[in-house]
Structure formats: C-alpha cells, structure tokens
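Let me begin by presenting the structure, written as structure tokens, before commenting on it.
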Number of protein chains: 2
Amino acid sequence: MAKSNLSSKTISKIIYLDYAASVSPNPSSIHIEGVNARVKLEKARKDTATALYAQPEEIIFTSSGTESNNLAIQGLLVGCWTPEFWVSNTRQLSHIITTNIEHPSVLETCRILEQRGLAEVTIVAVEENGIVDTRKIKKEIKDNTVLVSVMYANNEIGTIQPIREIAKEIRHFRKNKKSNFPVFHTDAVQAVNYLNINVEQLGVDLLTLSGSKIYDAGRVGVLYKRKSVKLMPIYGGGDQEMGLHPGTENLSEILKFSNALQSVQKIKEKENKRLVKLQDYFFMKLEKMSKAGFDTNEVGVVINGDRENRLPNNINITISKIPSDLLVIELSAYGVMISSKSACKSSSEKGSYVITAIRPALDRKIGGVRFSFGRDTKKADIDYTVASLIKIINKLKKWYY
Amino acid sequence: MAKSNLSSKTISKIIYLDYAASVSPNPSSIHIEGVNARVKLEKARKDTATALYAQPEEIIFTSSGTESNNLAIQGLLVGCWTPEFWVSNTRQLSHIITTNIEHPSVLETCRILEQRGLAEVTIVAVEENGIVDTRKIKKEIKDNTVLVSVMYANNEIGTIQPIREIAKEIRHFRKNKKSNFPVFHTDAVQAVNYLNINVEQLGVDLLTLSGSKIYDAGRVGVLYKRKSVKLMPIYGGGDQEMGLHPGTENLSEILKFSNALQSVQKIKEKENKRLVKLQDYFFMKLEKMSKAGFDTNEVGVVINGDRENRLPNNINITISKIPSDLLVIELSAYGVMISSKSACKSSSEKGSYVITAIRPALDRKIGGVRFSFGRDTKKADIDYTVASLIKIINKLKKWYY
C-alpha cells in the first residue's frame, strides 16, 4: 500500500516532524527521507569497499581512526567475556602482539587492557631503522594469540612495515594449527594516501582508515573487517554499522570520506612520484646544510627512520643538541608549521616515544622534528623552510654549541 | 626565545608541513596554528560549561551522545579493574540502576556489561504514564551501587523524569553512608532544547548532550562530569579531553555546538511556550478526530506517556488496530516524516520497547507513532498532518476495522 508513492519526487511538500530523531533526516528512519539517506549511505559504503578491494558488508564507519583501532582490538577480546569466564580457574587471557612504535590508539589500548587484567600483551621492539623484524613477530605467536596489530606506516617517522610478510607468517601459523587466530590488524591511517591498500594483496583481516588524514575527507573513521572475523561492540547502543558503531550515522561526513578516498586512489601514483622528488630534494638540502656545519663543524643532521622504506611525504630528522620542541616553535614563528611528536600524545610525556624506540640513547628533549608534506607542498616551500632552519640554527648555536 | 613573534598576525606566509598530524591544524599541535586552534577549543569549552552552570574542566567533548552515555557508564566501572580484581574470590561487581525506557546507548550498555559478567544491573520499570517512581529507584540502591542512570526526558514519548527528586535521594544515601557512590547520571539529549539544564539545580553528577538533537550544532557529544567524579577512558589513545575521548579534536563541529547551545539557551523559554500551544492544538485536533470515529465508532486515539509531564515538542499516540510502521510509511507518502520508534534501534527488534514498557498488553506491531516538532514547525503543518492522517485512516479502515 502506498509503495508506489515511495519516491520523494512525487511529493510536493515535506513536513519534517521527526526532530527528536535528529534535526536532519537520518538513515535509520523508515520514512522516505530516511530511506533516501540510507541509499546514499550504502553507496558510500560500496565505494569505500571498492577502493579497498573489499565487500560493502566488510566496511564499518566509525567516528575516528582512534575508534577504529580500539574496535579492532577490544572488539575481538570481549567476545569471550561471560560471567562464567571470569570465575573459571582455567581461563586464559587473550594474547595480543604489537610493536613499540604503534599509534597511541593501538599502543595505549593494549596497555590499558593489560593494566586492567583483560589481556596479555607482547610489545615487539622495532629495529634501529624503525622497521619491525618479521621473525621477531613470528617468534611471539602462541596458542592464545588472538591478534597481531602492526601499523602499515608510522605517523612520526614514516617507516613502512612489512605487512605482506607478517600476513604470510600469520596465515602459515593459522593453517598449521587449523585455527582462525591470530587475526591480523593494520593501522593504515598514514599509509592510505601513498601505499597500496588492497586488503587481499596485503593479506590483512582488519584495517583502519581515518578521514582526518585524507584531503577533503570527513571526520570519520573506517574499519575494514574481513567477513570471517567476528567482532563485538565496545559501546552499547543502536545497531547502526552492524551494532559495532552505535549512534546516528554521520552521513554528510561519510559521503565526503568516500568521495575523497576515491580521489586519493586516482592520484596516488602521480602524487607519490611528485612527493618522492620533493623528499629527495629536502634530504639533499639537509645534507648540504649538515656538511656546511655552520662554521662550527658541530651541527649534525640525522635522519630518523629508514631512508628508503618510508612514506614519500615524511621527513623526520634530529638536529644535534637542539631540542625539537624549540625548533617547532622557532619555525612556527617563521610561518612553518611542523611537529616534534604525535599530536595525539602531546600534552603528556616529554618527547617522542617513537624516536626513543629507535634511538634510546638520545636525550628525549632533543628528539626529532617531522616535516610532513601534502598536496599543496611545493619546492619553494622546502627552500623557504631550510633557509629558515639555517637562520634559526645560526641564532641558537651560541646557546647550544 | 622568539616568543615575542608568537602571533600569527606578524607572519605573512604560512607553510603547513604538518599534514601527517591532520590535513588542517589541530589543537594538540604546539605550533602557532595549533595554539590558535587550542584557544578556540577552550573558548567553546568555557561557553558550554557556562550554559550548564558548570566549570570548563567538567566538560568533555565526545563524538556523540552514544559515546557520552557509554563513557559515563563504562568509564565509571573500569576504574576498579586490575589483574588482582579478576582473580579475587571476594570481589564484588559494581551495581548499576537504570530504567526500562532509557535510550539504547544506556540500556544496551547496561545489558552488555551484565552479559559480559562485568556489572550487576537493576532495571526499574516506569509507571503506566512513562514516568519512574523515585521510591522504586531509592529501594534498589545498595552498598555496591556505583551508578544510577535515569534519562531527563524520553526520546519516544517525551516524558520528563523527576531528576531533582532522584538526585535528592541519592545525596541522602551518600551522606548517610559517607560514600561518594552512587554517582547520578542523566541523559539530557532530548531535554536540552526545552528544559532547565543547570547541573547544580538538577543535582546530577554526569549529564549527556548531543549535537545531533540541537539546531545548527555540530556532530559532537558532550559529557558533563562533576569534578569529584573519577572516570577512566574506555578507548586507549591520546590524552585529548583528559584522556577520556582520545583522538584529534573535531574543532569545527565543537565550535558549532557551543554556538548552537548558547542560542538554545536564549530562545528556550519563548520556544517552549510556542510549542506548548502547538502541542495543545495537535492534541485537540486528535481528540476531535478520535471522537468523530470515522463513521465506525471504532477508531480510538490513545496518548502514550503522561499528558502534562512531557516535552513540548512531543506527541506520541497509538491509533487502535493500525500498525505504527504502516502509518509512518503512509504519512511519508504525504510528505510527513514521523517515526514509530527510536531510530537507534530501528533495524533490530519489532516495535518499540518504550511503548511495550508502558503498555505491555498492546500488540507490538500496533505500537505508537511519534510526531516531534522543531523550530520550523507551524500550525499549518499540524493541520496538514491531521488531515493526511484522516485520509489514511479512511483508506485503511476497510482492512483494519
């Protein structure tokens, strides 16, 4: 009945009396405006899946990359929690393997789960070049390991992890044990703009994306979840996003995200080449600067993280003796906005735990500074930045050299 | 050093090389653009606090009302979770009291905590009029009760709960026991546009707001947390929002929210009066319609929820014998968008658990339909809506009467 009328085109007038649901139509409503919103949402889900070579039902929209990472980790654990589980004398906590340079939304999540007595966690240290040794991951996998979480590319030093290799080892372990575990998760938030995100080729089961790191993308997160992986919600609430992200869908931001992700895929190869050239140029300028030594023969520039296996938009360096926070503030006064550590941990501990992980002997105050490029970055910006840096070092050297 | 330069006004050129932090400046960065963003964020926090008669450090911005409700509940529980806690034979789970008509983000959260063996939960049934009896809440409070969560106004039937009375009983219990518990939380998502949200006068310790229910407000949630209440994060990640909502702050949406909340406060009284008149008019038209009986003497209209103690923008009725979902779809074909249950539970169970809570004998398919008004709603909209409703019932009566 009235089904034939179910197109808003035939309606001349809309009276919206669903303000208590939300001030604008939302995809969970069954009226026409809700149905139209639902159609748009599912189109965005399909387009996002296509970019990842995944299925639409494997895409969960969340509010942020932080939420996606938490859902991947915590959502996997809570499945076995029942009143009986907690009183059992033979219960075994789930084991998680991760690395010591993961984003705080992975590393801190593992830490609080361990502190709260909810999981067993092994943190594998990366090598001096900021890359994890696959054999070290492999060595830690055991029968109660439910999850391995290794980021695709690091947010501070840009190093790219051997995701395919790790995936291969995990598949091998699962096949031998005839087990579905461990599940393999990667945080691809920093990688998405520049690296291959084909989940089949990568061999990952869970993959995190964030709109805040993609041009013109909305403020949403995505969690790719392979169909065979079962997650349980962290939050109680409605059943939006398969119950894994309860709450009214943020449709406008989701639409922006799926469009932006498609654009990224189109220009990825070209943009990659352009940025590699800029990166080479920046490194060349820094080498010259370092060799010049500013008349002191003492100013050294060290590149943090592997020179080759890194994101094309990332430069992370330590300038000997000068605190990185000071360099950020001084450059900021020249109009150059850079960073000295993950903005996500800024107000807490001193220095960067990522730099400390690869250079434990370095004074935490010195740390490293990160220059990260984007679509608007040009060669002239690098010239200006390095010129400013030289002026700053010349000004500061009387105090620090 | 260079501190005197720390105003972006003196900088003629900005080179943004912090794309890895986010594609636009975020308040956690220490460069000038980050500092400017931080200033705006803290201004929004102060303005939001002022609207609630709270302190800025008591305001936590989250991604949604659902997240705020989860943080209020789960954030209070996890504090006692340690490896020792889980193996102790004498450990006592925390006890939560709530009602059977709470929003899914409260009710389902309590349910999953109980199912997972993480909490003890008591769900108090509301009375036939959709209002909870304070004495029934009081009766359930015991020594291990850490939280009482009662919504300020219901999202489906608009009934207003006796928050001040409940707060008084809780204070009384705490004083007698010399305890900080139970803490009192209210979900004020539906109430904020029309009711007093002065947290001191209400006597609540935790209060949830959502931007999606306020005009021109951004897609953010707020949790008011009294200074004396200690919450722990659900998500691991950065230390934004006191560590309770990790992830880059959604500055643009937060700014929209604080502006919109201030507007709400200004027009609340006037808008309330206007909507009460519209509501009375709607009820009067429905009564007439019901009395007319459509030549069958069988069509009855029943108001769901208390006639007086309800939000001025809420009408929830049952039209005898006609399934509510059908009415939503039929009215939608006339261009009138209404709802038959919480959009947050739409795709799951049949019917509304709120209507079932107050009218357990009613067929779940019949349920109730909700008309919720907003700033744009006019008397003519109600005339059109009721006229459409009469046409629909006349069409359907051959099948249902």
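Here's how to read the names in the structure tokens: chain A, B, ... by the order shown, residue numbers from 1 in each chain, ligand numbers from 1 in the order shown.
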
Excluding Ala21 (chain A) and residues on its chain fewer than 5 positions from it, collect all residues at most 10 Å away from it, counting only C-alpha atoms, and give them as an mmCIF file with N, CA and C atoms, in the first residue's frame.
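This is the output file out-v4.cif:
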```
data_model
loop_
_atom_site.group_PDB
_atom_site.id
_atom_site.type_symbol
_atom_site.label_atom_id
_atom_site.label_comp_id
_atom_site.auth_asym_id
_atom_site.auth_seq_id
_atom_site.Cartn_x
_atom_site.Cartn_y
_atom_site.Cartn_z
ATOM 1 N N ASN A 26 17.890 10.970 9.034
ATOM 2 C CA ASN A 26 18.991 10.039 9.228
ATOM 3 C C ASN A 26 18.632 8.662 8.700
ATOM 4 N N SER A 28 18.550 5.752 9.591
ATOM 5 C CA SER A 28 17.885 4.701 10.344
ATOM 6 C C SER A 28 16.371 4.877 10.381
ATOM 7 N N SER A 29 15.867 5.987 9.830
ATOM 8 C CA SER A 29 14.430 6.224 9.836
ATOM 9 C C SER A 29 13.780 5.507 8.659
ATOM 10 N N THR A 248 23.563 7.617 15.592
ATOM 11 C CA THR A 248 23.122 8.070 14.280
ATOM 12 C C THR A 248 24.324 8.201 13.337
ATOM 13 N N ASN B 155 13.072 9.891 24.657
ATOM 14 C CA ASN B 155 13.155 10.200 23.231
ATOM 15 C C ASN B 155 11.921 9.786 22.435
ATOM 16 N N GLU B 156 11.167 8.810 22.922
ATOM 17 C CA GLU B 156 9.998 8.373 22.148
ATOM 18 C C GLU B 156 8.700 9.011 22.627
ATOM 19 N N GLN B 190 17.472 14.692 24.796
ATOM 20 C CA GLN B 190 16.180 15.178 24.303
ATOM 21 C C GLN B 190 15.692 16.391 25.083
ATOM 22 N N SER B 212 23.516 16.366 17.634
ATOM 23 C CA SER B 212 22.605 15.982 16.550
ATOM 24 C C SER B 212 21.151 16.298 16.879
ATOM 25 N N LYS B 213 20.871 16.631 18.128
ATOM 26 C CA LYS B 213 19.498 16.971 18.503
ATOM 27 C C LYS B 213 19.304 18.471 18.721
ATOM 28 N N ILE B 338 7.566 11.136 10.120
ATOM 29 C CA ILE B 338 7.466 10.901 11.560
ATOM 30 C C ILE B 338 8.204 9.610 11.885
ATOM 31 N N SER B 339 7.971 9.099 13.063
ATOM 32 C CA SER B 339 8.738 7.941 13.496
ATOM 33 C C SER B 339 7.874 7.021 14.353
ATOM 34 N N LYS B 341 9.515 4.526 16.352
ATOM 35 C CA LYS B 341 10.327 4.097 17.494
ATOM 36 C C LYS B 341 11.670 4.779 17.402
ATOM 37 N N SER B 342 12.523 4.526 18.372
ATOM 38 C CA SER B 342 13.850 5.111 18.368
ATOM 39 C C SER B 342 14.573 4.702 17.098
ATOM 40 N N ALA B 343 15.034 5.682 16.313
ATOM 41 C CA ALA B 343 15.779 5.376 15.093
ATOM 42 C C ALA B 343 17.024 4.571 15.437
ATOM 43 N N CYS B 344 17.438 4.662 16.688
ATOM 44 C CA CYS B 344 18.655 3.971 17.103
ATOM 45 C C CYS B 344 18.458 2.475 17.278
ATOM 46 N N ARG B 370 5.307 8.726 16.703
ATOM 47 C CA ARG B 370 5.797 9.943 17.336
ATOM 48 C C ARG B 370 5.886 11.081 16.335
ATOM 49 N N SER B 372 7.440 14.719 16.294
ATOM 50 C CA SER B 372 8.277 15.606 17.099
ATOM 51 C C SER B 372 8.549 16.897 16.346
#
```

Counting only C-alpha atoms, chain A residues within 6 Å of chain B, as JSON, numbers by chain
{"A": [5, 11, 13, 14, 15, 16, 17, 18, 19, 20, 22, 23, 28, 29, 31, 32, 66, 81, 82, 83, 104, 105, 108, 109, 116, 117, 212, 213, 236, 237, 238, 239, 247, 329, 332, 333, 335, 336, 337, 338, 343, 344, 345, 371, 372, 373, 374]}

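Minimum atom-to-atom distances from A:Ile131, A:Val222, A:Gly305, A:Lys379 to Gln279 (chain A) were compared using only C-alpha atoms, and the lowest value belongs to A:Lys379.
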
Within 8 Å of Ile101 (chain B), counting only C-alpha atoms, which residues show up once you throw out same-chain ones fewer than 3 positions away? Write them as a PyMOL selection string, please.
chain B and resi 107+125-126+130+154+353-354+357

Pick out each residue of region 136-352 of chain A that DSSP on the backbone tags as helix (DSSP H, G or I); I need them as number ranges by chain.
A: 136-140, 163-177, 199-202, 211-213, 240-243, 251-295, 324-333, 343-345

Leaving out region 147-149 of chain A and any residue of its chain fewer than 5 positions from it, which residues lie within 6 Å of it when counting only C-alpha atoms, given as a CSV table (one decimal) with C-alpha atoms, in the first residue's frame?
```csv
chain,number,residue,atom,x,y,z
A,96,ILE,CA,48.0,-9.6,21.7
A,97,ILE,CA,51.2,-8.8,19.8
A,98,THR,CA,52.1,-5.3,18.7
A,182,PRO,CA,45.6,-14.8,15.3
A,183,VAL,CA,43.7,-12.2,13.4
A,184,PHE,CA,45.9,-9.6,11.7
A,185,HIS,CA,45.2,-5.9,12.0
A,186,THR,CA,47.0,-2.9,10.4
```

Backbone-only DSSP, strand (DSSP E) members of region 57-300 of chain B, as JSON, numbers by chain
{"B": [59, 60, 61, 62, 95, 96, 97, 98, 99, 120, 121, 122, 123, 124, 145, 146, 147, 148, 149, 183, 184, 185, 186, 187, 206, 207, 208, 209, 210, 221, 222, 223, 224, 225]}

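Among the candidates B:Arg91, B:Lys139, B:Arg164, B:Lys397, the residue lying nearest to Ile197 (chain B) is B:Arg164 (atoms considered: only C-alpha atoms).
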
Excluding Arg45 (chain B) and any residue of its chain fewer than 3 positions from it, enumerate the residues within 8 Å of it, using only C-alpha atoms, and give them as a VMD selection string.
chain B and resid 41 to 42 48 to 49 56 59 258

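Taking CA of Lys136 (chain B) and CA of Arg364 (chain B) as the two end points, the separation is 26.1 Å.
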
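Counting from CA of Val276 (chain B), the distance to CA of Tyr152 (chain B) is 18.1 Å.
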
Excluding Tyr53 (chain A) and residues on its chain fewer than 6 positions from it, collect all residues at most 8 Å away from it, counting only C-alpha atoms, and give them as a PyMOL selection string.
chain A and resi 198-200

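Going from CA of Gly351 (chain B) to CA of Lys365 (chain B) covers 5.7 Å.
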
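When the distance limit is 8 Å and only C-alpha atoms are what count, the residues near Tyr224 (chain A), minus those fewer than 3 positions from it on the same chain, are Ala54, Glu58, Ile59, Ile60, Asp205, Leu206, Leu207 and Thr208 of chain A.
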
Those same residues, written as a short mmCIF file (atom, residue, chain, number, x, y, z; two decimals), in the first residue's frame with N, CA and C atoms?
```cif
data_model
loop_
_atom_site.label_atom_id
_atom_site.label_comp_id
_atom_site.auth_asym_id
_atom_site.auth_seq_id
_atom_site.Cartn_x
_atom_site.Cartn_y
_atom_site.Cartn_z
N ALA A 54 37.38 -4.72 -1.19
CA ALA A 54 36.65 -5.47 -0.16
C ALA A 54 35.17 -5.51 -0.52
N GLU A 58 31.89 -5.48 4.65
CA GLU A 58 33.13 -5.52 5.43
C GLU A 58 33.60 -4.13 5.87
N ILE A 59 32.78 -3.12 5.57
CA ILE A 59 33.15 -1.73 5.88
C ILE A 59 32.31 -1.22 7.04
N ILE A 60 32.98 -0.79 8.10
CA ILE A 60 32.29 -0.20 9.25
C ILE A 60 32.73 1.25 9.36
N ASP A 205 43.30 -8.78 7.95
CA ASP A 205 41.92 -9.12 8.30
C ASP A 205 41.15 -7.90 8.80
N LEU A 206 41.90 -6.94 9.34
CA LEU A 206 41.31 -5.71 9.86
C LEU A 206 42.23 -4.56 9.43
N LEU A 207 41.64 -3.47 8.99
CA LEU A 207 42.45 -2.33 8.53
C LEU A 207 41.74 -1.03 8.90
N THR A 208 42.50 -0.11 9.46
CA THR A 208 41.95 1.16 9.94
C THR A 208 42.28 2.31 9.00
#
```

Of the listed residues A:Thr356, A:Asp383, A:Gln265, A:Ser320, that which approaches Leu278 (chain A) most closely, counting only C-alpha atoms:
A:Asp383

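The residue that comes closest to Leu251 (chain B), out of B:Val124, B:Gly218, B:Lys268, B:Asn316 and on the basis of only C-alpha atoms, is B:Gly218.
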